[in-house]
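Remarks on the structure that follows.
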Amino acid sequence: MKIIIEEADPGEEDQIIIRCREMDDNLLKVISELKMGQKKLAGSKDGNILMIDSGNVYYFECVDNKVFMYCKQNVYETKLKLYEIEQEYKNSNFFRASKSVILNVTKIKSISPAYSGRFEALLFNGEKIVISRQYVPELKIKLGL
């Protein structure tokens, strides 16, 4: 793969042009990560609405029909539904880890087998997330195992 970087003229909009023979999963992932870097999510905490970079989100969890975004130290509520988040970030580093959790694989420090075919992910913020056995194959694909 060849990468060419050119400086844009003043006032010209930045652009990325991808020229390929075939669109594969690796290329889709790169495109998704580029787009994800620009995406922000609205999250509320203590009555304030903040814009959160999606790359800072460790995981999303649905509790009592409310969806929360867990970052390194803070938790924010979002109005999005899990299925909307899953659809929006389907070719990114996020994946469904259980019926109630969507996990960012870049925030996983280590993974260990758990009971009944499940895995347990230790995140960089010290939290542990159980990955349901039906989602373990997708995790392995995301991690290239």
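Residue numbering restarts at 1 in every chain; chains get A, B, ... in the order shown in the structure tokens, and ligands count up from 1 in that same order.
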Per residue of segment 27-78 of chain A within 12 Å of segment 114-131 of chain A, what are the shortest atom pair and its distance in Å to one decimal, counting only C-alpha atoms, with rows by chain and residue number, as a Markdown table?
| residue | atom | partner | partner_atom | distance |
| --- | --- | --- | --- | --- |
| A:Asn56 | CA | A:Asn125 | CA | 11.4 |
| A:Val57 | CA | A:Asn125 | CA | 11.0 |
| A:Tyr58 | CA | A:Leu123 | CA | 7.8 |
| A:Tyr59 | CA | A:Ile129 | CA | 9.1 |
| A:Phe60 | CA | A:Ile129 | CA | 11.0 |
| A:Glu61 | CA | A:Ile129 | CA | 10.4 |
| A:Tyr70 | CA | A:Asn125 | CA | 9.9 |
| A:Cys71 | CA | A:Asn125 | CA | 8.4 |
| A:Lys72 | CA | A:Asn125 | CA | 5.5 |
| A:Gln73 | CA | A:Asn125 | CA | 7.5 |
| A:Asn74 | CA | A:Asn125 | CA | 10.6 |
Kindly save the residues from that selection, with N, CA and C atoms included, as a PDB file, in the first residue's frame.
ATOM      1  N   ASN A  56     -13.022   8.073  23.030  1.00  0.00           N
ATOM      2  CA  ASN A  56     -12.805   8.097  24.482  1.00  0.00           C
ATOM      3  C   ASN A  56     -13.756   7.183  25.235  1.00  0.00           C
ATOM      4  N   VAL A  57     -14.722   6.601  24.527  1.00  0.00           N
ATOM      5  CA  VAL A  57     -15.717   5.743  25.170  1.00  0.00           C
ATOM      6  C   VAL A  57     -15.145   4.332  25.314  1.00  0.00           C
ATOM      7  N   TYR A  58     -15.172   3.810  26.535  1.00  0.00           N
ATOM      8  CA  TYR A  58     -14.712   2.450  26.790  1.00  0.00           C
ATOM      9  C   TYR A  58     -15.797   1.453  26.407  1.00  0.00           C
ATOM     10  N   TYR A  59     -17.035   1.754  26.836  1.00  0.00           N
ATOM     11  CA  TYR A  59     -18.159   0.886  26.466  1.00  0.00           C
ATOM     12  C   TYR A  59     -19.481   1.600  26.698  1.00  0.00           C
ATOM     13  N   PHE A  60     -20.503   1.069  26.062  1.00  0.00           N
ATOM     14  CA  PHE A  60     -21.876   1.515  26.249  1.00  0.00           C
ATOM     15  C   PHE A  60     -22.609   0.404  26.978  1.00  0.00           C
ATOM     16  N   GLU A  61     -23.482   0.771  27.910  1.00  0.00           N
ATOM     17  CA  GLU A  61     -24.257  -0.246  28.621  1.00  0.00           C
ATOM     18  C   GLU A  61     -25.689   0.229  28.796  1.00  0.00           C
ATOM     19  N   TYR A  70     -19.489   4.830  29.167  1.00  0.00           N
ATOM     20  CA  TYR A  70     -18.470   4.761  30.202  1.00  0.00           C
ATOM     21  C   TYR A  70     -17.135   5.182  29.598  1.00  0.00           C
ATOM     22  N   CYS A  71     -16.580   6.246  30.157  1.00  0.00           N
ATOM     23  CA  CYS A  71     -15.273   6.725  29.724  1.00  0.00           C
ATOM     24  C   CYS A  71     -14.261   6.355  30.806  1.00  0.00           C
ATOM     25  N   LYS A  72     -13.050   6.872  30.718  1.00  0.00           N
ATOM     26  CA  LYS A  72     -12.007   6.483  31.666  1.00  0.00           C
ATOM     27  C   LYS A  72     -12.433   6.707  33.116  1.00  0.00           C
ATOM     28  N   GLN A  73     -12.979   7.885  33.405  1.00  0.00           N
ATOM     29  CA  GLN A  73     -13.364   8.180  34.784  1.00  0.00           C
ATOM     30  C   GLN A  73     -14.823   8.565  34.951  1.00  0.00           C
ATOM     31  N   ASN A  74     -15.490   8.962  33.879  1.00  0.00           N
ATOM     32  CA  ASN A  74     -16.855   9.467  33.986  1.00  0.00           C
ATOM     33  C   ASN A  74     -17.854   8.587  33.251  1.00  0.00           C
TER      34      ASN A  74
END
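Residues within 8 Å of Phe94 of chain A, counting only C-alpha atoms and excluding same-chain residues fewer than 5 positions away, are A:Glu86, A:Tyr89, A:Ile102, A:Leu103, A:Asn104, A:Val105.
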Print the selection's residues with all heavy atoms to a file, as a JSON list (two decimals), in the first residue's frame.
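Contents of part-v7.json, as written:
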[["chain", "number", "residue", "atom", "x", "y", "z"],
["A", 86, "GLU", "N", -24.71, 0.31, 17.71],
["A", 86, "GLU", "CA", -24.14, -0.85, 17.02],
["A", 86, "GLU", "C", -24.14, -0.62, 15.51],
["A", 86, "GLU", "O", -23.14, -0.91, 14.84],
["A", 86, "GLU", "CB", -24.93, -2.11, 17.38],
["A", 86, "GLU", "CG", -24.34, -3.37, 16.80],
["A", 86, "GLU", "CD", -25.12, -4.61, 17.25],
["A", 86, "GLU", "OE1", -26.34, -4.51, 17.48],
["A", 86, "GLU", "OE2", -24.49, -5.66, 17.37],
["A", 89, "TYR", "N", -21.54, 2.19, 14.46],
["A", 89, "TYR", "CA", -20.13, 1.85, 14.64],
["A", 89, "TYR", "C", -19.82, 0.41, 14.22],
["A", 89, "TYR", "O", -18.87, -0.18, 14.71],
["A", 89, "TYR", "CB", -19.72, 2.07, 16.10],
["A", 89, "TYR", "CG", -19.79, 3.53, 16.48],
["A", 89, "TYR", "CD1", -20.87, 4.03, 17.20],
["A", 89, "TYR", "CD2", -18.78, 4.40, 16.10],
["A", 89, "TYR", "CE1", -20.93, 5.37, 17.53],
["A", 89, "TYR", "CE2", -18.84, 5.73, 16.44],
["A", 89, "TYR", "CZ", -19.92, 6.21, 17.16],
["A", 89, "TYR", "OH", -19.98, 7.54, 17.49],
["A", 102, "ILE", "N", -21.94, -2.75, 24.50],
["A", 102, "ILE", "CA", -21.13, -2.58, 23.29],
["A", 102, "ILE", "C", -19.78, -2.08, 23.77],
["A", 102, "ILE", "O", -19.69, -1.07, 24.47],
["A", 102, "ILE", "CB", -21.77, -1.59, 22.30],
["A", 102, "ILE", "CG1", -23.08, -2.17, 21.78],
["A", 102, "ILE", "CG2", -20.82, -1.28, 21.16],
["A", 102, "ILE", "CD1", -23.87, -1.25, 20.88],
["A", 103, "LEU", "N", -18.72, -2.78, 23.39],
["A", 103, "LEU", "CA", -17.38, -2.57, 23.93],
["A", 103, "LEU", "C", -16.42, -2.04, 22.88],
["A", 103, "LEU", "O", -16.47, -2.45, 21.72],
["A", 103, "LEU", "CB", -16.88, -3.91, 24.48],
["A", 103, "LEU", "CG", -15.51, -4.00, 25.10],
["A", 103, "LEU", "CD1", -15.38, -3.08, 26.31],
["A", 103, "LEU", "CD2", -15.23, -5.44, 25.53],
["A", 104, "ASN", "N", -15.53, -1.14, 23.28],
["A", 104, "ASN", "CA", -14.47, -0.61, 22.42],
["A", 104, "ASN", "C", -13.23, -1.50, 22.60],
["A", 104, "ASN", "O", -12.63, -1.50, 23.67],
["A", 104, "ASN", "CB", -14.16, 0.83, 22.81],
["A", 104, "ASN", "CG", -13.16, 1.50, 21.89],
["A", 104, "ASN", "OD1", -12.47, 0.85, 21.12],
["A", 104, "ASN", "ND2", -13.09, 2.81, 21.98],
["A", 105, "VAL", "N", -12.84, -2.25, 21.57],
["A", 105, "VAL", "CA", -11.73, -3.20, 21.71],
["A", 105, "VAL", "C", -10.39, -2.51, 21.95],
["A", 105, "VAL", "O", -9.48, -3.13, 22.49],
["A", 105, "VAL", "CB", -11.62, -4.18, 20.51],
["A", 105, "VAL", "CG1", -12.81, -5.08, 20.43],
["A", 105, "VAL", "CG2", -11.38, -3.45, 19.22]]
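The shortest atom-to-atom distance to Asn65 of chain A, with only C-alpha atoms taken into account, belongs to A:Ser100 out of A:Gln87, A:Thr106, A:Ser100, A:Gln134.
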With distances taken over only C-alpha atoms, which residue among A:Ser44, A:Asn91, A:Lys109, A:Leu82 lies nearest Asp24 of chain A?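 Looking at the shortest contact to Asp24 of chain A, the residue is A:Asn91.
What separates atom CA of Arg96 of chain A from atom CA of Leu139 of chain A is a distance of 8.6 Å.
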DSSP-assigned strand (DSSP E or B) among segment 3-99 of chain A, expressed as a JSON list (two decimals) with N, CA, C and O atoms, in the first residue's frame:
[["chain", "number", "residue", "atom", "x", "y", "z"],
["A", 40, "LYS", "N", -18.75, 12.86, 17.44],
["A", 40, "LYS", "CA", -18.92, 13.17, 18.84],
["A", 40, "LYS", "C", -20.31, 12.69, 19.26],
["A", 40, "LYS", "O", -21.24, 12.65, 18.45],
["A", 41, "LEU", "N", -20.41, 12.30, 20.51],
["A", 41, "LEU", "CA", -21.67, 11.81, 21.06],
["A", 41, "LEU", "C", -22.13, 12.76, 22.15],
["A", 41, "LEU", "O", -21.32, 13.20, 22.97],
["A", 42, "ALA", "N", -23.42, 13.04, 22.16],
["A", 42, "ALA", "CA", -23.97, 13.88, 23.21],
["A", 42, "ALA", "C", -24.22, 13.02, 24.44],
["A", 42, "ALA", "O", -24.87, 11.98, 24.36],
["A", 43, "GLY", "N", -23.68, 13.44, 25.55],
["A", 43, "GLY", "CA", -23.88, 12.72, 26.80],
["A", 43, "GLY", "C", -24.26, 13.70, 27.89],
["A", 43, "GLY", "O", -23.80, 14.84, 27.91],
["A", 44, "SER", "N", -25.11, 13.27, 28.78],
["A", 44, "SER", "CA", -25.54, 14.17, 29.86],
["A", 44, "SER", "C", -25.05, 13.64, 31.21],
["A", 44, "SER", "O", -24.99, 12.44, 31.45],
["A", 45, "LYS", "N", -24.69, 14.61, 32.04],
["A", 45, "LYS", "CA", -24.23, 14.29, 33.39],
["A", 45, "LYS", "C", -24.53, 15.51, 34.28],
["A", 45, "LYS", "O", -24.17, 16.63, 33.92],
["A", 48, "ASN", "N", -25.98, 18.63, 32.72],
["A", 48, "ASN", "CA", -25.21, 19.27, 31.65],
["A", 48, "ASN", "C", -25.08, 18.31, 30.48],
["A", 48, "ASN", "O", -24.93, 17.10, 30.67],
["A", 49, "ILE", "N", -25.09, 18.85, 29.27],
["A", 49, "ILE", "CA", -24.88, 18.04, 28.07],
["A", 49, "ILE", "C", -23.48, 18.32, 27.56],
["A", 49, "ILE", "O", -23.11, 19.48, 27.34],
["A", 50, "LEU", "N", -22.72, 17.26, 27.39],
["A", 50, "LEU", "CA", -21.34, 17.38, 26.91],
["A", 50, "LEU", "C", -21.18, 16.61, 25.61],
["A", 50, "LEU", "O", -21.87, 15.62, 25.39],
["A", 51, "MET", "N", -20.24, 17.04, 24.78],
["A", 51, "MET", "CA", -19.93, 16.33, 23.54],
["A", 51, "MET", "C", -18.69, 15.48, 23.81],
["A", 51, "MET", "O", -17.64, 16.01, 24.18],
["A", 52, "ILE", "N", -18.83, 14.17, 23.63],
["A", 52, "ILE", "CA", -17.78, 13.21, 23.95],
["A", 52, "ILE", "C", -17.23, 12.61, 22.66],
["A", 52, "ILE", "O", -17.99, 12.18, 21.80],
["A", 53, "ASP", "N", -15.91, 12.58, 22.52],
["A", 53, "ASP", "CA", -15.29, 11.91, 21.38],
["A", 53, "ASP", "C", -15.56, 10.41, 21.50],
["A", 53, "ASP", "O", -15.32, 9.82, 22.56],
["A", 59, "TYR", "N", -17.04, 1.75, 26.84],
["A", 59, "TYR", "CA", -18.16, 0.89, 26.47],
["A", 59, "TYR", "C", -19.48, 1.60, 26.70],
["A", 59, "TYR", "O", -19.54, 2.62, 27.39],
["A", 60, "PHE", "N", -20.50, 1.07, 26.06],
["A", 60, "PHE", "CA", -21.88, 1.51, 26.25],
["A", 60, "PHE", "C", -22.61, 0.40, 26.98],
["A", 60, "PHE", "O", -22.40, -0.78, 26.68],
["A", 61, "GLU", "N", -23.48, 0.77, 27.91],
["A", 61, "GLU", "CA", -24.26, -0.25, 28.62],
["A", 61, "GLU", "C", -25.69, 0.23, 28.80],
["A", 61, "GLU", "O", -25.94, 1.39, 29.12],
["A", 62, "CYS", "N", -26.61, -0.69, 28.59],
["A", 62, "CYS", "CA", -28.03, -0.41, 28.80],
["A", 62, "CYS", "C", -28.43, -0.94, 30.18],
["A", 62, "CYS", "O", -28.25, -2.12, 30.48],
["A", 63, "VAL", "N", -28.94, -0.04, 31.01],
["A", 63, "VAL", "CA", -29.41, -0.39, 32.35],
["A", 63, "VAL", "C", -30.77, 0.26, 32.55],
["A", 63, "VAL", "O", -30.89, 1.49, 32.41],
["A", 66, "LYS", "N", -32.06, 2.64, 29.91],
["A", 66, "LYS", "CA", -31.25, 3.85, 29.69],
["A", 66, "LYS", "C", -29.87, 3.39, 29.23],
["A", 66, "LYS", "O", -29.35, 2.38, 29.70],
["A", 67, "VAL", "N", -29.29, 4.14, 28.29],
["A", 67, "VAL", "CA", -27.97, 3.78, 27.77],
["A", 67, "VAL", "C", -26.94, 4.76, 28.32],
["A", 67, "VAL", "O", -27.13, 5.98, 28.28],
["A", 68, "PHE", "N", -25.85, 4.19, 28.85],
["A", 68, "PHE", "CA", -24.78, 4.97, 29.45],
["A", 68, "PHE", "C", -23.48, 4.76, 28.68],
["A", 68, "PHE", "O", -23.20, 3.66, 28.21],
["A", 69, "MET", "N", -22.69, 5.83, 28.58],
["A", 69, "MET", "CA", -21.35, 5.78, 27.99],
["A", 69, "MET", "C", -20.34, 5.81, 29.13],
["A", 69, "MET", "O", -20.37, 6.73, 29.94],
["A", 70, "TYR", "N", -19.49, 4.83, 29.17],
["A", 70, "TYR", "CA", -18.47, 4.76, 30.20],
["A", 70, "TYR", "C", -17.14, 5.18, 29.60],
["A", 70, "TYR", "O", -16.65, 4.56, 28.66],
["A", 75, "VAL", "N", -19.11, 8.71, 33.66],
["A", 75, "VAL", "CA", -20.21, 8.00, 33.02],
["A", 75, "VAL", "C", -21.24, 9.04, 32.59],
["A", 75, "VAL", "O", -21.59, 9.94, 33.35],
["A", 76, "TYR", "N", -21.69, 8.91, 31.34],
["A", 76, "TYR", "CA", -22.65, 9.84, 30.76],
["A", 76, "TYR", "C", -23.85, 9.07, 30.24],
["A", 76, "TYR", "O", -23.70, 7.97, 29.72],
["A", 77, "GLU", "N", -25.02, 9.67, 30.33],
["A", 77, "GLU", "CA", -26.20, 9.05, 29.76],
["A", 77, "GLU", "C", -26.37, 9.58, 28.33],
["A", 77, "GLU", "O", -26.11, 10.75, 28.05],
["A", 78, "THR", "N", -26.77, 8.71, 27.42],
["A", 78, "THR", "CA", -27.03, 9.11, 26.05],
["A", 78, "THR", "C", -28.46, 8.74, 25.67],
["A", 78, "THR", "O", -29.03, 7.81, 26.25],
["A", 94, "PHE", "N", -15.76, -0.84, 17.86],
["A", 94, "PHE", "CA", -16.82, -1.21, 18.78],
["A", 94, "PHE", "C", -17.48, -2.50, 18.33],
["A", 94, "PHE", "O", -17.63, -2.74, 17.14],
["A", 95, "PHE", "N", -17.87, -3.33, 19.29],
["A", 95, "PHE", "CA", -18.60, -4.56, 18.96],
["A", 95, "PHE", "C", -19.52, -4.92, 20.12],
["A", 95, "PHE", "O", -19.30, -4.50, 21.26],
["A", 96, "ARG", "N", -20.54, -5.67, 19.80],
["A", 96, "ARG", "CA", -21.51, -6.11, 20.80],
["A", 96, "ARG", "C", -20.85, -7.20, 21.64],
["A", 96, "ARG", "O", -20.44, -8.23, 21.12],
["A", 97, "ALA", "N", -20.75, -6.98, 22.95],
["A", 97, "ALA", "CA", -20.14, -7.94, 23.86],
["A", 97, "ALA", "C", -21.18, -8.77, 24.60],
["A", 97, "ALA", "O", -20.88, -9.87, 25.06],
["A", 98, "SER", "N", -22.40, -8.24, 24.71],
["A", 98, "SER", "CA", -23.51, -8.95, 25.34],
["A", 98, "SER", "C", -24.79, -8.23, 24.92],
["A", 98, "SER", "O", -24.74, -7.24, 24.20]]
Name the closest residue to Lys29 of chain A among the candidates A:Ser92, A:Lys81, A:Val136, A:Leu145; distances are taken between atoms, counting only C-alpha atoms.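 Looking at the shortest contact to Lys29 of chain A, the residue is A:Ser92.
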Report the residues of segment 76-116 of chain A whose backbone DSSP state falls under helix (DSSP H, G or I), written as a short mmCIF file (atom, residue, chain, number, x, y, z; two decimals) with C-alpha atoms, in the first residue's frame.
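As written to disk, part_7.cif reads:
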data_model
loop_
_atom_site.label_atom_id
_atom_site.label_comp_id
_atom_site.auth_asym_id
_atom_site.auth_seq_id
_atom_site.Cartn_x
_atom_site.Cartn_y
_atom_site.Cartn_z
CA LEU A 82 -27.79 0.21 21.73
CA TYR A 83 -28.94 -0.99 18.31
CA GLU A 84 -28.39 2.54 16.93
CA ILE A 85 -24.87 2.64 18.35
CA GLU A 86 -24.14 -0.85 17.02
CA GLN A 87 -25.31 0.16 13.54
CA GLU A 88 -23.42 3.47 13.55
CA VAL A 105 -11.73 -3.20 21.71
CA THR A 106 -8.99 -0.54 21.82
CA LYS A 107 -9.71 -0.11 25.54
CA TYR A 115 -17.05 -19.81 32.87
CA SER A 116 -19.40 -21.42 30.28
#
